[in-house]
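File shown here: structure28.txt, holding compact mmCIF, C-alpha atoms.
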# COMPACT_ATOMS: atom_id res chain seq x y z
CA MET A 929 0.00 0.00 0.00
CA ALA A 930 2.84 2.41 0.77
CA VAL A 931 4.21 1.95 -2.73
CA GLU A 932 0.82 2.72 -4.28
CA ARG A 933 0.45 5.92 -2.26
CA LEU A 934 3.88 7.08 -3.41
CA VAL A 935 3.16 6.26 -7.03
CA ILE A 936 -0.11 8.16 -7.23
CA ASN A 937 1.05 11.15 -5.20
CA SER A 938 1.06 13.86 -7.85
CA SER A 939 1.53 16.78 -5.44
CA VAL A 940 5.16 16.09 -4.41
CA PRO A 941 8.05 16.38 -6.89
CA HIS A 942 10.21 13.31 -7.23
CA SER A 943 13.83 13.13 -8.40
CA ALA A 944 13.44 10.04 -10.61
CA ARG A 945 10.40 11.51 -12.36
CA ILE A 946 12.14 14.88 -12.86
CA TRP A 947 15.12 13.11 -14.47
CA ASN A 948 12.72 11.09 -16.60
CA TYR A 949 11.11 14.35 -17.74
CA TRP A 950 14.48 15.80 -18.76
CA LEU A 951 15.20 12.65 -20.77
CA GLY A 952 11.95 13.08 -22.68
CA GLY A 953 10.05 10.38 -20.79
CA LYS A 954 6.37 10.52 -19.88
CA ASP A 955 6.39 8.98 -16.39
CA CYS A 956 6.04 12.28 -14.55
CA TYR A 957 3.40 14.57 -13.11
CA GLU A 958 2.76 18.27 -13.54
CA ILE A 959 4.63 19.05 -10.30
CA ASP A 960 7.68 17.21 -11.66
CA ARG A 961 7.54 19.20 -14.87
CA GLN A 962 7.17 22.45 -12.92
CA VAL A 963 10.13 21.77 -10.66
CA GLY A 964 12.12 20.39 -13.59
CA ASP A 965 11.47 23.60 -15.53
CA GLN A 966 12.45 25.71 -12.51
CA ILE A 967 15.76 23.89 -12.25
CA VAL A 968 16.30 24.21 -16.01
CA GLY A 969 15.62 27.93 -15.64
CA ALA A 970 18.46 28.16 -13.13
CA ASN A 971 20.73 25.84 -15.10
CA PRO A 972 19.69 25.10 -18.71
CA MET A 973 22.67 22.74 -18.96
CA ILE A 974 20.95 20.13 -16.81
CA VAL A 975 18.95 18.77 -19.74
CA ASP A 976 22.15 18.52 -21.76
CA ILE A 977 23.74 16.68 -18.83
CA ALA A 978 20.87 14.19 -18.59
CA ARG A 979 20.95 13.42 -22.29
CA ALA A 980 24.76 13.34 -22.52
CA GLN A 981 24.81 10.90 -19.63
CA ARG A 982 22.34 8.59 -21.42
CA ALA A 983 24.39 8.80 -24.63
CA PHE A 984 27.51 7.94 -22.60
CA LEU A 985 25.74 4.86 -21.28
CA VAL A 986 24.90 3.74 -24.80
CA ARG A 987 28.45 4.20 -26.09
CA ALA A 988 29.97 2.49 -23.04
CA VAL A 989 27.67 -0.54 -23.29
CA GLU A 990 28.26 -0.78 -27.03
CA HIS A 991 32.00 -0.85 -26.41
CA LEU A 992 31.78 -3.37 -23.59
CA VAL A 993 29.61 -5.74 -25.58
CA GLY A 994 31.19 -5.27 -28.99
CA GLU A 995 34.86 -4.83 -28.11
CA ALA A 996 35.36 -6.20 -24.60
CA GLY A 997 33.02 -9.18 -24.91
CA ILE A 998 31.07 -8.39 -21.72
CA ARG A 999 27.76 -10.22 -21.40
CA GLN A 1000 26.76 -9.35 -17.81
CA PHE A 1001 25.71 -5.95 -16.45
CA LEU A 1002 24.84 -4.74 -12.95
CA ASP A 1003 23.15 -1.34 -13.29
CA VAL A 1004 22.73 0.30 -9.87
CA GLY A 1005 20.44 3.30 -9.47
CA THR A 1006 18.82 2.79 -12.83
CA GLY A 1007 15.92 5.20 -12.31
CA LEU A 1008 12.76 5.17 -14.37
CA PRO A 1009 12.95 3.42 -17.75
CA THR A 1010 13.10 5.61 -20.85
CA ALA A 1011 14.84 4.77 -24.12
CA ASN A 1012 18.13 2.98 -24.73
CA ASN A 1013 18.18 1.22 -21.38
CA THR A 1014 21.15 -1.01 -20.64
CA HIS A 1015 19.38 -4.25 -21.53
CA GLU A 1016 18.08 -2.84 -24.81
CA VAL A 1017 21.56 -1.80 -25.95
CA ALA A 1018 23.36 -4.92 -24.69
CA GLN A 1019 20.84 -7.49 -25.94
CA GLY A 1020 20.49 -5.64 -29.22
CA LEU A 1021 24.13 -6.51 -29.86
CA ALA A 1022 24.38 -9.80 -27.94
CA PRO A 1023 20.97 -11.38 -27.20
CA GLU A 1024 22.50 -13.69 -24.58
CA SER A 1025 23.42 -10.74 -22.33
CA ARG A 1026 22.21 -10.80 -18.72
CA ILE A 1027 21.28 -7.56 -16.94
CA VAL A 1028 20.31 -6.82 -13.37
CA TYR A 1029 18.85 -3.42 -12.53
CA VAL A 1030 19.00 -2.11 -8.96
CA ASP A 1031 17.00 0.68 -7.36
CA HIS A 1032 15.46 1.23 -3.92
CA ASP A 1033 12.84 3.77 -4.99
CA PRO A 1034 9.22 2.56 -4.63
CA ILE A 1035 8.19 4.63 -7.65
CA VAL A 1036 10.87 3.02 -9.79
CA LEU A 1037 9.84 -0.36 -8.40
CA ALA A 1038 6.28 0.29 -9.55
CA HIS A 1039 7.59 0.75 -13.10
CA ALA A 1040 9.95 -2.24 -12.96
CA SER A 1041 7.72 -4.30 -15.24
CA ALA A 1042 8.82 -2.04 -18.09
CA LEU A 1043 12.40 -3.19 -17.48
CA LEU A 1044 11.62 -6.85 -16.97
CA THR A 1045 11.82 -7.79 -20.59
CA SER A 1046 14.50 -9.90 -22.19
CA THR A 1047 15.47 -11.80 -25.26
CA PRO A 1048 14.86 -15.56 -24.94
CA GLU A 1049 18.62 -16.15 -24.93
CA GLY A 1050 19.41 -13.68 -22.13
CA ALA A 1051 17.95 -12.47 -18.85
CA THR A 1052 16.81 -9.18 -17.34
CA ASP A 1053 15.97 -8.79 -13.67
CA TYR A 1054 15.19 -5.98 -11.24
CA ILE A 1055 16.07 -6.00 -7.55
CA ASP A 1056 14.87 -3.63 -4.86
CA ALA A 1057 18.08 -2.65 -3.08
CA ASP A 1058 20.12 0.39 -2.06
CA LEU A 1059 23.71 1.35 -2.91
CA ARG A 1060 24.17 1.81 0.84
CA ALA A 1061 23.74 -1.97 1.26
CA PRO A 1062 26.19 -3.36 -1.32
CA GLN A 1063 26.23 -6.92 0.00
CA ALA A 1064 22.46 -7.14 -0.34
CA ILE A 1065 22.86 -6.06 -3.97
CA LEU A 1066 25.47 -8.75 -4.60
CA ASP A 1067 23.47 -11.48 -2.88
CA GLN A 1068 20.36 -10.79 -4.93
CA ALA A 1069 22.21 -10.15 -8.20
CA ALA A 1070 23.94 -13.53 -7.90
CA LYS A 1071 20.62 -15.17 -8.67
CA THR A 1072 20.93 -13.85 -12.24
CA LEU A 1073 24.61 -13.05 -12.75
CA ASP A 1074 27.60 -15.39 -12.57
CA PHE A 1075 30.22 -13.59 -10.49
CA THR A 1076 32.93 -15.99 -11.62
CA GLN A 1077 32.68 -14.31 -15.06
CA PRO A 1078 33.29 -10.63 -15.89
CA VAL A 1079 30.55 -8.16 -15.00
CA ALA A 1080 30.16 -4.50 -15.94
CA LEU A 1081 29.11 -2.43 -12.93
CA ILE A 1082 27.22 0.69 -14.01
CA LEU A 1083 26.85 3.66 -11.65
CA LEU A 1084 25.50 6.68 -13.51
CA GLY A 1085 24.53 9.69 -11.44
CA ILE A 1086 23.96 7.57 -8.36
CA THR A 1087 27.06 8.18 -6.22
CA ALA A 1088 26.02 11.82 -5.76
CA HIS A 1089 23.10 10.63 -3.63
CA VAL A 1090 25.54 9.39 -0.99
CA THR A 1091 26.70 12.80 0.13
CA ASP A 1092 29.68 11.81 2.32
CA ASP A 1093 32.89 9.84 1.84
CA THR A 1094 31.30 6.53 2.83
CA VAL A 1095 30.41 6.28 -0.86
CA TYR A 1096 33.94 5.14 -1.71
CA GLY A 1097 33.70 2.12 0.54
CA LEU A 1098 30.27 1.25 -0.83
CA VAL A 1099 31.46 1.31 -4.44
CA GLY A 1100 34.66 -0.47 -3.45
CA HIS A 1101 32.64 -3.28 -1.88
CA LEU A 1102 30.88 -3.87 -5.20
CA VAL A 1103 34.06 -3.62 -7.28
CA ASP A 1104 35.93 -6.00 -4.96
CA ALA A 1105 33.28 -8.66 -5.59
CA LEU A 1106 33.84 -8.57 -9.36
CA PRO A 1107 36.30 -10.94 -11.02
CA SER A 1108 39.29 -9.90 -13.09
CA GLY A 1109 38.25 -8.60 -16.49
CA SER A 1110 35.19 -6.82 -15.12
CA TYR A 1111 34.50 -3.13 -15.75
CA LEU A 1112 33.31 -0.07 -13.85
CA VAL A 1113 31.26 2.53 -15.74
CA LEU A 1114 30.73 5.59 -13.53
CA CYS A 1115 29.87 9.24 -13.92
CA ASP A 1116 28.40 12.07 -11.89
CA ASP A 1117 27.92 15.82 -11.77
CA THR A 1118 30.81 18.25 -11.32
CA GLU A 1119 31.38 21.99 -11.03
CA VAL A 1120 33.89 22.41 -13.84
CA VAL A 1121 32.13 23.94 -16.83
CA ASP A 1122 29.78 26.34 -15.02
CA PRO A 1123 30.49 26.16 -11.27
CA GLN A 1124 28.07 28.88 -10.20
CA ARG A 1125 25.09 27.41 -12.00
CA MET A 1126 25.91 23.91 -10.85
CA ARG A 1127 26.07 25.06 -7.24
CA GLU A 1128 22.76 26.88 -7.61
CA MET A 1129 21.24 23.85 -9.33
CA ILE A 1130 22.24 21.45 -6.56
CA GLU A 1131 20.84 23.82 -3.93
CA GLN A 1132 17.55 24.07 -5.80
CA TRP A 1133 17.44 20.30 -6.36
CA ASN A 1134 17.99 19.61 -2.67
CA GLU A 1135 15.30 22.08 -1.66
CA ALA A 1136 12.71 20.61 -4.04
CA SER A 1137 13.62 16.94 -4.17
CA ASP A 1138 13.30 14.07 -1.72
CA ASN A 1139 16.72 12.65 -2.60
CA PRO A 1140 19.67 15.01 -1.82
CA ARG A 1141 22.74 15.15 -4.04
CA VAL A 1142 26.26 16.54 -3.91
CA ASN A 1143 28.51 17.60 -6.79
CA ARG A 1144 32.05 16.17 -6.76
CA SER A 1145 35.22 17.34 -8.46
CA PRO A 1146 36.87 15.22 -11.17
CA GLU A 1147 39.62 14.47 -8.63
CA GLU A 1148 37.04 13.13 -6.20
CA LEU A 1149 35.40 11.06 -8.95
CA ALA A 1150 38.82 9.67 -9.91
CA ARG A 1151 39.03 8.00 -6.49
CA PHE A 1152 36.33 5.53 -7.59
CA PHE A 1153 38.69 4.21 -10.27
CA GLU A 1154 41.73 3.66 -8.06
CA GLY A 1155 43.30 0.26 -8.72
CA LEU A 1156 41.51 -0.05 -12.07
CA ASP A 1157 42.78 0.54 -15.60
CA LEU A 1158 40.97 3.53 -17.10
CA LEU A 1159 40.24 3.19 -20.79
CA GLU A 1160 41.10 6.05 -23.11
CA PRO A 1161 40.31 8.95 -22.99
CA GLY A 1162 40.29 8.59 -19.20
CA LEU A 1163 38.02 10.53 -16.86
CA VAL A 1164 36.40 13.21 -18.98
CA SER A 1165 33.16 15.06 -19.53
CA VAL A 1166 30.73 12.33 -20.59
CA SER A 1167 30.00 14.16 -23.84
CA ARG A 1168 33.67 13.66 -24.77
CA TRP A 1169 33.96 9.95 -23.94
CA ARG A 1170 34.50 8.43 -27.39
CA PRO A 1171 31.89 10.57 -29.16
CA GLY A 1172 32.72 8.93 -32.47
CA LEU A 1173 32.73 12.14 -34.50
CA SER A 1174 35.39 11.49 -37.11
CA GLY A 1175 36.97 14.74 -38.22
CA ALA A 1176 34.38 16.82 -36.38
CA GLN A 1177 34.90 19.31 -33.60
CA ALA A 1178 34.80 17.83 -30.11
CA PRO A 1179 31.37 18.21 -28.51
CA ALA A 1180 30.92 20.82 -25.82
CA GLU A 1181 31.75 19.72 -22.29
CA VAL A 1182 28.99 19.21 -19.77
CA ASP A 1183 29.29 19.22 -15.98
CA ASP A 1184 29.15 15.45 -15.68
CA PHE A 1185 32.43 13.56 -15.75
CA GLY A 1186 32.94 9.85 -16.03
CA GLY A 1187 34.93 6.99 -17.39
CA VAL A 1188 35.14 3.28 -18.06
CA ALA A 1189 37.79 1.17 -16.33
CA ARG A 1190 38.82 -2.48 -16.39
CA LYS A 1191 39.60 -4.49 -13.28
CA PRO A 1192 43.02 -6.17 -13.72

Whole structure given in structure tokens:
Amino acid sequence: MAVERLVINSSVPHSARIWNYWLGGKDCYEIDRQVGDQIVGANPMIVDIARAQRAFLVRAVEHLVGEAGIRQFLDVGTGLPTANNTHEVAQGLAPESRIVYVDHDPIVLAHASALLTSTPEGATDYIDADLRAPQAILDQAAKTLDFTQPVALILLGITAHVTDDTVYGLVGHLVDALPSGSYLVLCDDTEVVDPQRMREMIEQWNEASDNPRVNRSPEELARFFEGLDLLEPGLVSVSRWRPGLSGAQAPAEVDDFGGVARKP
């Protein structure tokens, strides 16, 4: 019953629905659109960040499936489904791919059926768990994923919701459980391109949303990749991670930095 009340509550803005709105999704209410537009008014770049982050996910998964041979994905903090979700990209290239989505949000849980689709050859599952309880994630994910074989751990825009340094231990717990040859795909918001607007945006987000965030510097984000081998071009604005524009000018940077790294 608690989940149903949260799902139908159209009077309180919700972070996952606001992000869905920025990505062009339809799983949002008028209050989410209003708050989303207010935040965009303070920082128009936020929509670019949301869409650049999704494009980064697509390129990273395409590389991991097509070039690195990865067939297992653990996507933590997936949010509401829109287009080009991890399983759609991975199974589009390798139908036997297995994907586990993780989120602890009751509203996301209510929409999980949209994610629970799979090719006959592969598997897609959703587990209700929190990044703050990494062992619970691993225990449940092991029902679908084989942790003796490489896994790609995906953490897009989720580490910012753990606003203190305990986040490094939480991510480290997950990475430590992965075998050699696994990958970490991680990105989050920074204050590099437009620091003032990003600071104002995070203040407005935290005032309006039910899920606080913190911006981190590229140096702080780099700590997540310690002990791993970062793929070229390293830790960069997500819009500039292998954009694939032959002979074209590099795309504009956005205040969301990330990278892809292999576990030795």

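Put simply, CA of Leu1098 (chain A) is 11.7 Å away from CA of Ile1086 (chain A).
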
Please list as a ChimeraX atom specification every residue within 10 Å of region 943-960 of chain A, counting all atoms listed in the file and excluding residues in the same chain fewer than 5 positions away.
/A:936-938,965-968,974-982,1005-1011,1033,1035-1036,1039,1133-1134,1136-1140

Saved selection, atoms kept: C-alpha atoms, as a PDB file, in the frame of the given file:
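So again18.pdb came out as:
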ATOM      1  CA  ILE A 936      -0.110   8.160  -7.230  1.00  0.00           C
ATOM      2  CA  ASN A 937       1.050  11.150  -5.200  1.00  0.00           C
ATOM      3  CA  SER A 938       1.060  13.860  -7.850  1.00  0.00           C
ATOM      4  CA  ASP A 965      11.470  23.600 -15.530  1.00  0.00           C
ATOM      5  CA  GLN A 966      12.450  25.710 -12.510  1.00  0.00           C
ATOM      6  CA  ILE A 967      15.760  23.890 -12.250  1.00  0.00           C
ATOM      7  CA  VAL A 968      16.300  24.210 -16.010  1.00  0.00           C
ATOM      8  CA  ILE A 974      20.950  20.130 -16.810  1.00  0.00           C
ATOM      9  CA  VAL A 975      18.950  18.770 -19.740  1.00  0.00           C
ATOM     10  CA  ASP A 976      22.150  18.520 -21.760  1.00  0.00           C
ATOM     11  CA  ILE A 977      23.740  16.680 -18.830  1.00  0.00           C
ATOM     12  CA  ALA A 978      20.870  14.190 -18.590  1.00  0.00           C
ATOM     13  CA  ARG A 979      20.950  13.420 -22.290  1.00  0.00           C
ATOM     14  CA  ALA A 980      24.760  13.340 -22.520  1.00  0.00           C
ATOM     15  CA  GLN A 981      24.810  10.900 -19.630  1.00  0.00           C
ATOM     16  CA  ARG A 982      22.340   8.590 -21.420  1.00  0.00           C
ATOM     17  CA  GLY A1005      20.440   3.300  -9.470  1.00  0.00           C
ATOM     18  CA  THR A1006      18.820   2.790 -12.830  1.00  0.00           C
ATOM     19  CA  GLY A1007      15.920   5.200 -12.310  1.00  0.00           C
ATOM     20  CA  LEU A1008      12.760   5.170 -14.370  1.00  0.00           C
ATOM     21  CA  PRO A1009      12.950   3.420 -17.750  1.00  0.00           C
ATOM     22  CA  THR A1010      13.100   5.610 -20.850  1.00  0.00           C
ATOM     23  CA  ALA A1011      14.840   4.770 -24.120  1.00  0.00           C
ATOM     24  CA  ASP A1033      12.840   3.770  -4.990  1.00  0.00           C
ATOM     25  CA  ILE A1035       8.190   4.630  -7.650  1.00  0.00           C
ATOM     26  CA  VAL A1036      10.870   3.020  -9.790  1.00  0.00           C
ATOM     27  CA  HIS A1039       7.590   0.750 -13.100  1.00  0.00           C
ATOM     28  CA  TRP A1133      17.440  20.300  -6.360  1.00  0.00           C
ATOM     29  CA  ASN A1134      17.990  19.610  -2.670  1.00  0.00           C
ATOM     30  CA  ALA A1136      12.710  20.610  -4.040  1.00  0.00           C
ATOM     31  CA  SER A1137      13.620  16.940  -4.170  1.00  0.00           C
ATOM     32  CA  ASP A1138      13.300  14.070  -1.720  1.00  0.00           C
ATOM     33  CA  ASN A1139      16.720  12.650  -2.600  1.00  0.00           C
ATOM     34  CA  PRO A1140      19.670  15.010  -1.820  1.00  0.00           C
TER      35      PRO A1140
END

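Note that the spacing between CA of Glu1016 (chain A) and CA of Arg1168 (chain A) amounts to 22.7 Å.
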
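Residues surrounding Val1017 (chain A) within 7 Å are A:Val986, A:Val989, A:Glu990 [all atoms listed in the file; sequence separation below 6 positions excluded].
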
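CA of Pro1023 (chain A) to CA of Glu1049 (chain A) spans 5.8 Å [interatomic distance, one decimal].
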
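Between Ala1070 (chain A) and the candidates A:Gly1085, A:Pro1034, A:Ile998, A:Asp1053, the tightest atom-to-atom separation, counting all atoms listed in the file, involves A:Asp1053.
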
Among the residues A:Glu1147, A:Asp1183, A:Glu1135, A:Glu1024, the one that comes closest to Leu1163 (chain A) [using all atoms listed in the file]:
A:Glu1147

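Minimum distance to Leu1002 (chain A) across A:Ala1018, A:Ala1080, A:Met973, A:Ala988 (counting only C-alpha atoms) occurs at A:Ala1080.
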
Which residues are near Thr1045 (chain A)? Cut-off 12 Å, all atoms listed in the file, ignore same chain within fewer than 6 positions. Put them as a ChimeraX atom specification.
/A:1009,1013-1016,1019,1023,1026-1029,1051-1054

For the residues selected in the previous step, produce a file with C-alpha atoms as a PDB file, in the coordinates of the input.
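selection_4.pdb was written with the following content:
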ATOM      1  CA  PRO A1009      12.950   3.420 -17.750  1.00  0.00           C
ATOM      2  CA  ASN A1013      18.180   1.220 -21.380  1.00  0.00           C
ATOM      3  CA  THR A1014      21.150  -1.010 -20.640  1.00  0.00           C
ATOM      4  CA  HIS A1015      19.380  -4.250 -21.530  1.00  0.00           C
ATOM      5  CA  GLU A1016      18.080  -2.840 -24.810  1.00  0.00           C
ATOM      6  CA  GLN A1019      20.840  -7.490 -25.940  1.00  0.00           C
ATOM      7  CA  PRO A1023      20.970 -11.380 -27.200  1.00  0.00           C
ATOM      8  CA  ARG A1026      22.210 -10.800 -18.720  1.00  0.00           C
ATOM      9  CA  ILE A1027      21.280  -7.560 -16.940  1.00  0.00           C
ATOM     10  CA  VAL A1028      20.310  -6.820 -13.370  1.00  0.00           C
ATOM     11  CA  TYR A1029      18.850  -3.420 -12.530  1.00  0.00           C
ATOM     12  CA  ALA A1051      17.950 -12.470 -18.850  1.00  0.00           C
ATOM     13  CA  THR A1052      16.810  -9.180 -17.340  1.00  0.00           C
ATOM     14  CA  ASP A1053      15.970  -8.790 -13.670  1.00  0.00           C
ATOM     15  CA  TYR A1054      15.190  -5.980 -11.240  1.00  0.00           C
TER      16      TYR A1054
END

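Using all atoms listed in the file for every distance, the candidate list A:Asn1012, A:Thr1118, A:Gln1132, A:Ser1025 yields A:Asn1012 as the residue closest to Leu985 (chain A).
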
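Comparing A:Ala1038, A:Leu1158, A:Asp1104, A:Ser1046 by their smallest distance to Gln1063 (chain A), the closest is A:Asp1104 (using all atoms listed in the file).
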
Counting all atoms listed in the file, the residue of A:Glu1160, A:Asp1074, A:Asp1184, A:Asp1122 that sits nearest Pro1146 (chain A):
A:Asp1184

List as an NGL selection string the protein and nucleic acid residues near Gln1124 (chain A), meaning an atom at most 10 Å away when all atoms listed in the file are counted, but skip any in the same chain fewer than 5 places from it.
:A and (971 or 1119 or 1129)

So that I can see what lies close to Ala1189 (chain A), please list as a short mmCIF file (atom, residue, chain, number, x, y, z; two decimals) with C-alpha atoms, keeping the file's coordinate frame the residues with an atom at most 12 Å from it, counting only C-alpha atoms and leaving out residues fewer than 6 positions away in the same chain.
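Contents of result.cif, freshly written:
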data_model
loop_
_atom_site.label_atom_id
_atom_site.label_comp_id
_atom_site.auth_asym_id
_atom_site.auth_seq_id
_atom_site.Cartn_x
_atom_site.Cartn_y
_atom_site.Cartn_z
CA ALA A 988 29.97 2.49 -23.04
CA HIS A 991 32.00 -0.85 -26.41
CA LEU A 992 31.78 -3.37 -23.59
CA ALA A 996 35.36 -6.20 -24.60
CA VAL A 1079 30.55 -8.16 -15.00
CA ALA A 1080 30.16 -4.50 -15.94
CA LEU A 1081 29.11 -2.43 -12.93
CA ILE A 1082 27.22 0.69 -14.01
CA VAL A 1103 34.06 -3.62 -7.28
CA SER A 1108 39.29 -9.90 -13.09
CA GLY A 1109 38.25 -8.60 -16.49
CA SER A 1110 35.19 -6.82 -15.12
CA TYR A 1111 34.50 -3.13 -15.75
CA LEU A 1112 33.31 -0.07 -13.85
CA VAL A 1113 31.26 2.53 -15.74
CA LEU A 1114 30.73 5.59 -13.53
CA CYS A 1115 29.87 9.24 -13.92
CA ALA A 1150 38.82 9.67 -9.91
CA PHE A 1152 36.33 5.53 -7.59
CA PHE A 1153 38.69 4.21 -10.27
CA GLU A 1154 41.73 3.66 -8.06
CA GLY A 1155 43.30 0.26 -8.72
CA LEU A 1156 41.51 -0.05 -12.07
CA ASP A 1157 42.78 0.54 -15.60
CA LEU A 1158 40.97 3.53 -17.10
CA LEU A 1159 40.24 3.19 -20.79
CA GLU A 1160 41.10 6.05 -23.11
CA PRO A 1161 40.31 8.95 -22.99
CA GLY A 1162 40.29 8.59 -19.20
CA LEU A 1163 38.02 10.53 -16.86
#
